[in-house]
Structure formats: structure tokens, C-alpha cells
file entry_5.pdb (PDB, C-alpha atoms)
MODEL        1
ATOM      1  CA  LEU A   1     134.594-144.819  43.588  1.00  0.00           C
ATOM      2  CA  GLY A   2     137.736-143.164  42.359  1.00  0.00           C
ATOM      3  CA  PHE A   3     137.547-140.907  39.328  1.00  0.00           C
ATOM      4  CA  ILE A   4     139.469-138.456  37.156  1.00  0.00           C
ATOM      5  CA  ASP A   5     137.702-136.100  34.759  1.00  0.00           C
ATOM      6  CA  LEU A   6     138.841-133.867  31.916  1.00  0.00           C
ATOM      7  CA  SER A   7     138.445-130.647  33.934  1.00  0.00           C
ATOM      8  CA  GLY A   8     141.039-131.870  36.438  1.00  0.00           C
ATOM      9  CA  ASN A   9     138.839-133.142  39.291  1.00  0.00           C
ATOM     10  CA  VAL A  10     140.412-136.175  40.944  1.00  0.00           C
ATOM     11  CA  TYR A  11     139.492-138.543  43.758  1.00  0.00           C
ATOM     12  CA  LEU A  12     141.720-141.565  44.416  1.00  0.00           C
ATOM     13  CA  ASN A  13     141.694-143.496  47.665  1.00  0.00           C
ATOM     14  CA  ARG A  14     143.313-146.893  47.415  1.00  0.00           C
ATOM     15  CA  GLY A  15     145.983-148.546  49.516  1.00  0.00           C
ATOM     16  CA  GLY A  16     148.431-145.907  50.644  1.00  0.00           C
ATOM     17  CA  VAL A  17     147.370-143.408  47.983  1.00  0.00           C
ATOM     18  CA  TYR A  18     144.922-140.588  48.711  1.00  0.00           C
ATOM     19  CA  VAL A  19     144.397-137.792  46.203  1.00  0.00           C
ATOM     20  CA  MET A  20     141.491-135.357  46.139  1.00  0.00           C
ATOM     21  CA  ARG A  21     141.451-132.252  43.940  1.00  0.00           C
ATOM     22  CA  GLU A  22     138.529-130.036  42.970  1.00  0.00           C
ATOM     23  CA  VAL A  23     138.834-127.318  40.349  1.00  0.00           C
ATOM     24  CA  ALA A  24     136.778-124.151  40.401  1.00  0.00           C
ATOM     25  CA  LYS A  25     135.900-124.090  36.722  1.00  0.00           C
ATOM     26  CA  ASN A  26     134.271-126.691  34.502  1.00  0.00           C
ATOM     27  CA  LEU A  27     136.334-126.713  31.302  1.00  0.00           C
ATOM     28  CA  TYR A  28     133.495-128.371  29.396  1.00  0.00           C
ATOM     29  CA  PRO A  29     130.306-126.515  30.393  1.00  0.00           C
ATOM     30  CA  HIS A  30     126.932-126.915  28.763  1.00  0.00           C
ATOM     31  CA  GLU A  31     127.068-125.275  25.336  1.00  0.00           C
ATOM     32  CA  ALA A  32     123.963-123.354  24.393  1.00  0.00           C
ATOM     33  CA  LYS A  33     122.371-124.658  21.241  1.00  0.00           C
ATOM     34  CA  GLU A  34     120.209-122.724  18.803  1.00  0.00           C
ATOM     35  CA  ARG A  35     117.331-122.525  21.280  1.00  0.00           C
ATOM     36  CA  SER A  36     118.729-123.192  24.732  1.00  0.00           C
ATOM     37  CA  PRO A  37     116.074-123.759  27.411  1.00  0.00           C
ATOM     38  CA  PHE A  38     118.360-121.764  29.726  1.00  0.00           C
ATOM     39  CA  ALA A  39     118.221-118.538  27.697  1.00  0.00           C
ATOM     40  CA  ASP A  40     116.348-115.593  29.200  1.00  0.00           C
ATOM     41  CA  LYS A  41     112.791-115.906  27.813  1.00  0.00           C
ATOM     42  CA  ALA A  42     113.126-119.659  27.261  1.00  0.00           C
ATOM     43  CA  SER A  43     113.990-120.198  30.924  1.00  0.00           C
ATOM     44  CA  LEU A  44     110.504-119.004  31.870  1.00  0.00           C
ATOM     45  CA  VAL A  45     109.219-122.425  30.760  1.00  0.00           C
ATOM     46  CA  LEU A  46     111.569-124.251  33.157  1.00  0.00           C
ATOM     47  CA  ARG A  47     110.841-121.758  35.934  1.00  0.00           C
ATOM     48  CA  TYR A  48     107.112-122.311  35.463  1.00  0.00           C
ATOM     49  CA  LEU A  49     107.427-126.099  35.592  1.00  0.00           C
ATOM     50  CA  LEU A  50     109.814-126.032  38.574  1.00  0.00           C
ATOM     51  CA  GLY A  51     107.116-124.356  40.634  1.00  0.00           C
ATOM     52  CA  ARG A  52     104.445-126.978  39.841  1.00  0.00           C
ATOM     53  CA  ARG A  53     103.778-130.631  40.533  1.00  0.00           C
ATOM     54  CA  GLU A  54     101.372-130.985  37.609  1.00  0.00           C
ATOM     55  CA  ALA A  55     102.371-131.234  33.959  1.00  0.00           C
ATOM     56  CA  GLY A  56     101.844-128.087  31.899  1.00  0.00           C
ATOM     57  CA  GLY A  57     100.300-127.739  28.457  1.00  0.00           C
ATOM     58  CA  VAL A  58     101.857-125.489  25.827  1.00  0.00           C
ATOM     59  CA  ARG A  59      98.907-123.078  25.572  1.00  0.00           C
ATOM     60  CA  GLU A  60      98.507-123.013  29.331  1.00  0.00           C
ATOM     61  CA  MET A  61     102.166-122.091  29.789  1.00  0.00           C
ATOM     62  CA  ALA A  62     102.102-119.551  26.965  1.00  0.00           C
ATOM     63  CA  GLY A  63      99.120-117.790  28.540  1.00  0.00           C
ATOM     64  CA  ALA A  64     100.663-117.763  32.016  1.00  0.00           C
ATOM     65  CA  LEU A  65     104.028-116.530  30.742  1.00  0.00           C
ATOM     66  CA  GLY A  66     102.823-114.096  28.092  1.00  0.00           C
ATOM     67  CA  LEU A  67     104.705-115.931  25.344  1.00  0.00           C
ATOM     68  CA  ASP A  68     103.741-117.137  21.875  1.00  0.00           C
ATOM     69  CA  PRO A  69     102.507-120.781  21.937  1.00  0.00           C
ATOM     70  CA  GLY A  70     104.738-121.646  18.967  1.00  0.00           C
ATOM     71  CA  TYR A  71     107.786-120.328  20.835  1.00  0.00           C
ATOM     72  CA  VAL A  72     106.876-122.275  23.980  1.00  0.00           C
ATOM     73  CA  SER A  73     106.414-125.427  21.895  1.00  0.00           C
ATOM     74  CA  ARG A  74     109.910-125.061  20.421  1.00  0.00           C
ATOM     75  CA  VAL A  75     111.425-124.539  23.878  1.00  0.00           C
ATOM     76  CA  VAL A  76     109.606-127.605  25.196  1.00  0.00           C
ATOM     77  CA  ARG A  77     110.902-129.713  22.302  1.00  0.00           C
ATOM     78  CA  ALA A  78     114.451-128.452  22.875  1.00  0.00           C
ATOM     79  CA  ALA A  79     114.237-129.309  26.580  1.00  0.00           C
ATOM     80  CA  GLU A  80     112.783-132.728  25.727  1.00  0.00           C
ATOM     81  CA  GLY A  81     115.688-133.351  23.350  1.00  0.00           C
ATOM     82  CA  GLN A  82     118.097-132.731  26.215  1.00  0.00           C
ATOM     83  CA  GLU A  83     115.997-135.000  28.461  1.00  0.00           C
ATOM     84  CA  TYR A  84     115.067-132.286  30.937  1.00  0.00           C
ATOM     85  CA  LEU A  85     111.371-133.026  30.555  1.00  0.00           C
ATOM     86  CA  SER A  86     108.963-135.566  29.140  1.00  0.00           C
ATOM     87  CA  ILE A  87     105.828-134.974  27.057  1.00  0.00           C
ATOM     88  CA  ASP A  88     102.753-137.139  27.601  1.00  0.00           C
ATOM     89  CA  ARG A  89     100.157-138.211  25.022  1.00  0.00           C
ATOM     90  CA  LYS A  90      98.180-135.021  25.591  1.00  0.00           C
ATOM     91  CA  GLY A  91     101.234-132.893  24.827  1.00  0.00           C
ATOM     92  CA  ARG A  92     101.703-131.832  28.436  1.00  0.00           C
ATOM     93  CA  ALA A  93     105.250-131.332  29.722  1.00  0.00           C
ATOM     94  CA  ARG A  94     106.651-132.508  33.050  1.00  0.00           C
ATOM     95  CA  LEU A  95     110.190-131.993  34.329  1.00  0.00           C
ATOM     96  CA  LYS A  96     112.505-134.949  34.907  1.00  0.00           C
ATOM     97  CA  ASN A  97     116.224-135.347  35.625  1.00  0.00           C
ATOM     98  CA  HIS A  98     116.027-132.298  37.902  1.00  0.00           C
ATOM     99  CA  GLU A  99     119.584-132.581  39.226  1.00  0.00           C
ATOM    100  CA  GLU A 100     121.115-132.926  35.774  1.00  0.00           C
ATOM    101  CA  MET A 101     119.033-130.044  34.444  1.00  0.00           C
ATOM    102  CA  LEU A 102     120.012-127.743  37.328  1.00  0.00           C
ATOM    103  CA  ALA A 103     123.682-128.717  37.004  1.00  0.00           C
ATOM    104  CA  ASP A 104     123.622-127.842  33.295  1.00  0.00           C
ATOM    105  CA  TRP A 105     121.851-124.576  34.088  1.00  0.00           C
ATOM    106  CA  CYS A 106     124.561-123.728  36.639  1.00  0.00           C
ATOM    107  CA  ALA A 107     127.194-124.355  33.960  1.00  0.00           C
ATOM    108  CA  PHE A 108     125.325-122.125  31.482  1.00  0.00           C
ATOM    109  CA  TYR A 109     124.723-119.237  33.902  1.00  0.00           C
ATOM    110  CA  ASN A 110     126.966-117.420  36.369  1.00  0.00           C
ATOM    111  CA  TRP A 111     125.703-114.600  38.561  1.00  0.00           C
ATOM    112  CA  THR A 112     128.728-112.480  37.595  1.00  0.00           C
ATOM    113  CA  LYS A 113     127.109-112.090  34.136  1.00  0.00           C
ATOM    114  CA  ASN A 114     124.833-109.494  35.745  1.00  0.00           C
ATOM    115  CA  ASP A 115     125.727-105.806  35.470  1.00  0.00           C
ATOM    116  CA  ARG A 116     126.976-104.893  38.941  1.00  0.00           C
ATOM    117  CA  GLU A 117     127.752-101.661  40.791  1.00  0.00           C
ATOM    118  CA  GLY A 118     129.550-101.788  44.134  1.00  0.00           C
ATOM    119  CA  PHE A 119     128.862 -99.329  46.957  1.00  0.00           C
ATOM    120  CA  PHE A 120     129.946 -98.871  50.549  1.00  0.00           C
ATOM    121  CA  ARG A 121     127.815 -97.611  53.416  1.00  0.00           C
ATOM    122  CA  MET A 122     129.449 -97.010  56.787  1.00  0.00           C
ATOM    123  CA  ALA A 123     127.222 -99.088  59.078  1.00  0.00           C
ATOM    124  CA  ARG A 124     127.358-101.188  62.226  1.00  0.00           C
ATOM    125  CA  GLY A 125     126.450-104.259  60.213  1.00  0.00           C
ATOM    126  CA  LYS A 126     124.146-105.660  57.546  1.00  0.00           C
ATOM    127  CA  GLU A 127     121.136-105.317  59.864  1.00  0.00           C
ATOM    128  CA  GLU A 128     121.489-101.533  59.835  1.00  0.00           C
ATOM    129  CA  ILE A 129     121.696-101.571  56.041  1.00  0.00           C
ATOM    130  CA  ARG A 130     118.630-103.816  55.834  1.00  0.00           C
ATOM    131  CA  ASP A 131     116.683-101.423  58.086  1.00  0.00           C
ATOM    132  CA  LEU A 132     117.561 -98.531  55.785  1.00  0.00           C
ATOM    133  CA  LEU A 133     116.572-100.560  52.735  1.00  0.00           C
ATOM    134  CA  ARG A 134     113.298-101.566  54.392  1.00  0.00           C
ATOM    135  CA  ARG A 135     112.367 -97.931  54.937  1.00  0.00           C
ATOM    136  CA  ASN A 136     113.231 -96.870  51.399  1.00  0.00           C
ATOM    137  CA  LEU A 137     111.825 -99.891  49.560  1.00  0.00           C
ATOM    138  CA  ALA A 138     108.524-100.239  51.427  1.00  0.00           C
ATOM    139  CA  GLY A 139     105.637-100.695  49.000  1.00  0.00           C
ATOM    140  CA  ARG A 140     107.860-100.426  45.918  1.00  0.00           C
ATOM    141  CA  GLU A 141     108.267-102.792  42.991  1.00  0.00           C
ATOM    142  CA  GLY A 142     111.003-103.170  40.401  1.00  0.00           C
ATOM    143  CA  TYR A 143     113.552-104.652  42.775  1.00  0.00           C
ATOM    144  CA  ALA A 144     114.285-107.943  44.532  1.00  0.00           C
ATOM    145  CA  LEU A 145     116.904-109.175  46.976  1.00  0.00           C
ATOM    146  CA  SER A 146     119.155-111.946  45.704  1.00  0.00           C
ATOM    147  CA  LEU A 147     122.122-114.152  46.655  1.00  0.00           C
ATOM    148  CA  HIS A 148     122.623-114.578  50.424  1.00  0.00           C
ATOM    149  CA  SER A 149     120.662-111.474  51.428  1.00  0.00           C
ATOM    150  CA  GLY A 150     117.606-112.952  49.695  1.00  0.00           C
ATOM    151  CA  ASN A 151     118.232-116.609  50.447  1.00  0.00           C
ATOM    152  CA  ASN A 152     118.665-116.016  54.178  1.00  0.00           C
ATOM    153  CA  LEU A 153     115.144-114.600  54.318  1.00  0.00           C
ATOM    154  CA  VAL A 154     113.880-117.891  52.850  1.00  0.00           C
ATOM    155  CA  ARG A 155     116.060-120.252  54.871  1.00  0.00           C
ATOM    156  CA  PRO A 156     118.977-118.816  56.869  1.00  0.00           C
ATOM    157  CA  PHE A 157     122.074-120.980  56.538  1.00  0.00           C
ATOM    158  CA  VAL A 158     125.153-118.808  56.039  1.00  0.00           C
ATOM    159  CA  SER A 159     126.692-115.622  57.364  1.00  0.00           C
ATOM    160  CA  TYR A 160     127.130-112.834  54.838  1.00  0.00           C
ATOM    161  CA  ASP A 161     128.282-109.214  54.782  1.00  0.00           C
ATOM    162  CA  VAL A 162     127.197-107.967  51.330  1.00  0.00           C
ATOM    163  CA  VAL A 163     123.603-107.123  50.371  1.00  0.00           C
ATOM    164  CA  HIS A 164     122.802-107.883  46.702  1.00  0.00           C
ATOM    165  CA  LEU A 165     119.643-106.703  45.003  1.00  0.00           C
ATOM    166  CA  TYR A 166     118.354-106.434  41.464  1.00  0.00           C
ATOM    167  CA  ILE A 167     117.101-102.972  40.504  1.00  0.00           C
ATOM    168  CA  GLU A 168     114.901-102.518  37.429  1.00  0.00           C
ATOM    169  CA  ASP A 169     114.002 -98.869  38.012  1.00  0.00           C
ATOM    170  CA  SER A 170     116.900 -96.414  37.542  1.00  0.00           C
ATOM    171  CA  GLY A 171     114.970 -93.824  39.558  1.00  0.00           C
ATOM    172  CA  LEU A 172     114.729 -96.198  42.490  1.00  0.00           C
ATOM    173  CA  ALA A 173     118.447 -96.947  42.224  1.00  0.00           C
ATOM    174  CA  GLU A 174     119.283 -93.242  42.478  1.00  0.00           C
ATOM    175  CA  ARG A 175     116.911 -92.875  45.429  1.00  0.00           C
ATOM    176  CA  LEU A 176     118.714 -95.651  47.302  1.00  0.00           C
ATOM    177  CA  LYS A 177     122.139 -94.231  46.517  1.00  0.00           C
ATOM    178  CA  ASN A 178     121.102 -90.856  47.945  1.00  0.00           C
ATOM    179  CA  ALA A 179     119.045 -92.088  50.901  1.00  0.00           C
ATOM    180  CA  LEU A 180     121.707 -94.556  52.073  1.00  0.00           C
ATOM    181  CA  GLU A 181     124.592 -92.211  51.178  1.00  0.00           C
ATOM    182  CA  LEU A 182     126.214 -94.990  49.168  1.00  0.00           C
ATOM    183  CA  GLU A 183     129.775 -94.360  48.017  1.00  0.00           C
ATOM    184  CA  PRO A 184     130.923 -96.079  44.784  1.00  0.00           C
ATOM    185  CA  VAL A 185     133.727 -98.577  45.466  1.00  0.00           C
ATOM    186  CA  PRO A 186     135.275-101.582  43.690  1.00  0.00           C
ATOM    187  CA  LEU A 187     133.089-104.692  43.958  1.00  0.00           C
ATOM    188  CA  GLU A 188     135.538-106.455  46.256  1.00  0.00           C
ATOM    189  CA  SER A 189     135.162-103.614  48.810  1.00  0.00           C
ATOM    190  CA  ALA A 190     131.386-103.202  48.594  1.00  0.00           C
ATOM    191  CA  ASN A 191     128.788-104.037  51.227  1.00  0.00           C
ATOM    192  CA  VAL A 192     125.880-103.121  48.896  1.00  0.00           C
ATOM    193  CA  VAL A 193     125.758-104.323  45.282  1.00  0.00           C
ATOM    194  CA  LEU A 194     123.070-103.086  42.868  1.00  0.00           C
ATOM    195  CA  MET A 195     122.571-105.364  39.876  1.00  0.00           C
ATOM    196  CA  GLY A 196     121.033-105.103  36.440  1.00  0.00           C
ATOM    197  CA  SER A 197     119.914-108.608  35.557  1.00  0.00           C
ATOM    198  CA  TYR A 198     121.399-110.811  32.848  1.00  0.00           C
ATOM    199  CA  TYR A 199     117.925-112.442  32.801  1.00  0.00           C
ATOM    200  CA  ARG A 200     116.063-109.250  31.965  1.00  0.00           C
ATOM    201  CA  HIS A 201     112.722-110.902  31.119  1.00  0.00           C
ATOM    202  CA  SER A 202     112.665-113.636  33.730  1.00  0.00           C
ATOM    203  CA  VAL A 203     114.549-112.334  36.772  1.00  0.00           C
ATOM    204  CA  PHE A 204     111.385-111.406  38.690  1.00  0.00           C
ATOM    205  CA  TRP A 205     109.391-114.518  37.735  1.00  0.00           C
ATOM    206  CA  GLY A 206     108.265-116.187  40.961  1.00  0.00           C
ATOM    207  CA  ALA A 207     109.505-113.327  43.156  1.00  0.00           C
ATOM    208  CA  ARG A 208     107.589-113.090  46.412  1.00  0.00           C
ATOM    209  CA  ASP A 209     107.269-110.929  49.512  1.00  0.00           C
ATOM    210  CA  ILE A 210     109.065-112.192  52.599  1.00  0.00           C
ATOM    211  CA  GLY A 211     108.739-109.936  55.585  1.00  0.00           C
ATOM    212  CA  ASP A 212     109.113-106.423  54.223  1.00  0.00           C
ATOM    213  CA  PHE A 213     111.184-107.341  51.155  1.00  0.00           C
ATOM    214  CA  ARG A 214     110.766-108.706  47.626  1.00  0.00           C
ATOM    215  CA  VAL A 215     112.943-111.763  47.067  1.00  0.00           C
ATOM    216  CA  VAL A 216     113.759-113.531  43.797  1.00  0.00           C
ATOM    217  CA  SER A 217     112.486-117.068  43.229  1.00  0.00           C
TER
ENDMDL
END
call {"tool": "encode", "arguments": {"input": "entry_5.pdb", "output": "C-alpha cells"}}
result
Amino acid sequence: LGFIDLSGNVYLNRGGVYVMREVAKNLYPHEAKERSPFADKASLVLRYLLGRREAGGVREMAGALGLDPGYVSRVVRAAEGQEYLSIDRKGRARLKNHEEMLADWCAFYNWTKNDREGFFRMARGKEEIRDLLRRNLAGREGYALSLHSGNNLVRPFVSYDVVHLYIEDSGLAERLKNALELEPVPLESANVVLMGSYYRHSVFWGARDIGDFRVVS
């Protein structure tokens, strides 16, 4: 089906006319309301439900997430109002409209909102950098690989040349800078990027060990 939208995306294929145009930015992204389910602490509710097949009760989720039950209830109601989840007769929440919810979340959040520091390490490739990281991060917490360097440990699908990781511990960040002899450079020239998370409360929710590394959910 042909379409034109208000952001400027176009697909027309009829007769002798073929037009296809995709724009990089959605001009009408999801606008956060008073209690957006995509905000930092609020997103813990969606993250919790995304990892489960069963519906979750408010008190159950509050206990698992370390949040106030009243707060969780308000988040659940906000998400229900946007049709991201349904609530059964027992008050238990279950996600629905997954694709729409994730698309709205992608419009709300962009990874460039994270605080980022770019560094360069002269190396033969990303494998050498990963070996150095493995040695210096072994047994430590307060960090997690992200973007392609994390995703490729879950399911390799793309080549990459920049290692991104979230660092919660400033002491650990300094240790890595010294141990790997990282030189500060502009982000576009970096092959190692250390990030302070936009999602400060929820960034490590669901993080797990894969091989010798911690990887975000």
C-alpha cells in the first residue's frame, strides 16, 4: 500500500511512478505525559513484564523492583491508558501491543541521551580491546556492555568497531582508562566509549553474564 506521512516518509508504486523516501527523524514522537511508563523508574515495570510470560500483580512487582506499590499501580494505570498492557479481574497486568509499545519507547528514548566519553586505544582490532577489558573487568560489577559490543555476545549479527559500555563506578572507569592506556578523543574517532546511563535506576535491570562479561538486558 502506498502512503505518505507527516514526517516525510513516502512510498508510492503505481503505474510508471515509483517513489520511496525514509527520513531519519520522527517529527511527531511519543510525548511523555505526567507519568510516562518509559521514564527511568517507571520503565522497570515494563522491563519486568517483558521478561515474563505470566501476568504480574502490583505488590509482586513492587517487591521485585523495590518500588512503592502505589507508584507501581499508577505506572500500570498509565500504561493501561496507552494500551500497552491489560489488567485482569485480579488486578494483574499483562503486556499487549508489544510492537506499538516498543516503537513508542524507541521514539521516547535515544541512546545518545547517555553521558558519553570517547577514547582511542591503538589495537589490532576489537578482539584485542575485548581481551584487555576481560582481564580488567573480571569479577567486577557496576558495568555492562551495550550496543553492538553487548548485542553480539547475545546473538552476533553485525560487524562493529566501537566497544560501548556503561560504567557506574568512577573508580572502575579510571582503572580502565589507565590499564588500557585510553586517550580521550572526539566520539566520532573513538573505539572505546564509556557511558553514564540516562536510565540511572534501571540500566542494569536484567543484566546477565555472557562469557566473561556483564551485558545489559
call {"tool": "residues_around", "arguments": {"input": "entry_5.pdb", "residues": "Ser202 (chain A)", "least_positions_apart": "2", "cutoff": "10 Å", "atoms": "all atoms listed in the file", "output": "count of residues only"}}
result
17
call {"tool": "residues_around", "arguments": {"input": "entry_5.pdb", "residues": "Ile129 (chain A)", "least_positions_apart": "3", "cutoff": "12 Å", "atoms": "only C-alpha atoms", "output": "VMD selection string"}}
result
chain A and resid 119 to 126 132 to 137 149 161 to 164 176 179 to 182 191 to 193
call {"tool": "residues_around", "arguments": {"input": "entry_5.pdb", "residues": "region 141-145 of chain A", "least_positions_apart": "4", "cutoff": "7 Å", "atoms": "only C-alpha atoms", "output": "list in words"}}
result
Ser149, Gly150, His164, Leu165, Tyr166, Ile167, Glu168, Asp169, Arg214, Val215 and Val216 of chain A
call {"tool": "atom_distance", "arguments": {"input": "entry_5.pdb", "atom1": "CA of Ser73 (chain A)", "atom2": "CA of Val58 (chain A)"}}
result
6.0 Å
call {"tool": "resolve_selection", "arguments": {"input": "entry_5.pdb", "expression": "the PyMOL selection byres ((chain A and resi 88-104) around 8)", "output": "short mmCIF file (atom, residue, chain, number, x, y, z; two decimals) with C-alpha atoms, in the coordinates of the input"}}
result
data_model
loop_
_atom_site.label_atom_id
_atom_site.label_comp_id
_atom_site.auth_asym_id
_atom_site.auth_seq_id
_atom_site.Cartn_x
_atom_site.Cartn_y
_atom_site.Cartn_z
CA PRO A 29 130.31 -126.52 30.39
CA HIS A 30 126.93 -126.92 28.76
CA LEU A 46 111.57 -124.25 33.16
CA LEU A 49 107.43 -126.10 35.59
CA LEU A 50 109.81 -126.03 38.57
CA GLU A 54 101.37 -130.99 37.61
CA ALA A 55 102.37 -131.23 33.96
CA GLY A 56 101.84 -128.09 31.90
CA GLY A 57 100.30 -127.74 28.46
CA VAL A 58 101.86 -125.49 25.83
CA VAL A 76 109.61 -127.60 25.20
CA GLU A 83 116.00 -135.00 28.46
CA TYR A 84 115.07 -132.29 30.94
CA LEU A 85 111.37 -133.03 30.56
CA SER A 86 108.96 -135.57 29.14
CA ILE A 87 105.83 -134.97 27.06
CA TRP A 105 121.85 -124.58 34.09
CA CYS A 106 124.56 -123.73 36.64
CA ALA A 107 127.19 -124.36 33.96
CA PHE A 108 125.32 -122.12 31.48
#
call {"tool": "atom_distance", "arguments": {"input": "entry_5.pdb", "atom1": "CA of Pro69 (chain A)", "atom2": "CA of Ser36 (chain A)"}}
result
16.6 Å
call {"tool": "closest_residue", "arguments": {"input": "entry_5.pdb", "among": "A:Ser217, A:Gln82, A:Ser7, A:Ser159", "to": "Tyr48 (chain A)", "atoms": "all atoms listed in the file"}}
result
A:Ser217
call {"tool": "axis_aligned_box", "arguments": {"input": "entry_5.pdb", "around": "region 45-60 of chain A", "padding_each_side": "8 Å", "output": "lines of an AutoDock Vina configuration file"}}
result
center_x = 105.0
center_y = -126.5
center_z = 33.1
size_x = 29.1
size_y = 25.5
size_z = 31.1
call {"tool": "atom_distance", "arguments": {"input": "entry_5.pdb", "atom1": "CA of Gly118 (chain A)", "atom2": "CA of Leu187 (chain A)"}}
result
4.6 Å
call {"tool": "closest_residue", "arguments": {"input": "entry_5.pdb", "among": "A:Asp212, A:Pro37, A:Glu22, A:Tyr71", "to": "Val10 (chain A)", "atoms": "all atoms listed in the file"}}
result
A:Glu22
call {"tool": "resolve_selection", "arguments": {"input": "entry_5.pdb", "expression": "the PyMOL selection byres ((chain A and resi 24) around 12)", "output": "list in words"}}
result
Ser7, Gly8, Asn9, Arg21, Glu22, Val23, Lys25, Asn26, Leu27 and Ala107 of chain A
call {"tool": "closest_residue", "arguments": {"input": "entry_5.pdb", "among": "A:Val72, A:Leu194, A:Glu80, A:Gly66", "to": "Asn114 (chain A)", "atoms": "all atoms listed in the file"}}
result
A:Leu194
call {"tool": "closest_residue", "arguments": {"input": "entry_5.pdb", "among": "A:His201, A:Arg52, A:Arg140, A:Ile210", "to": "Asn152 (chain A)", "atoms": "only C-alpha atoms"}}
result
A:Ile210
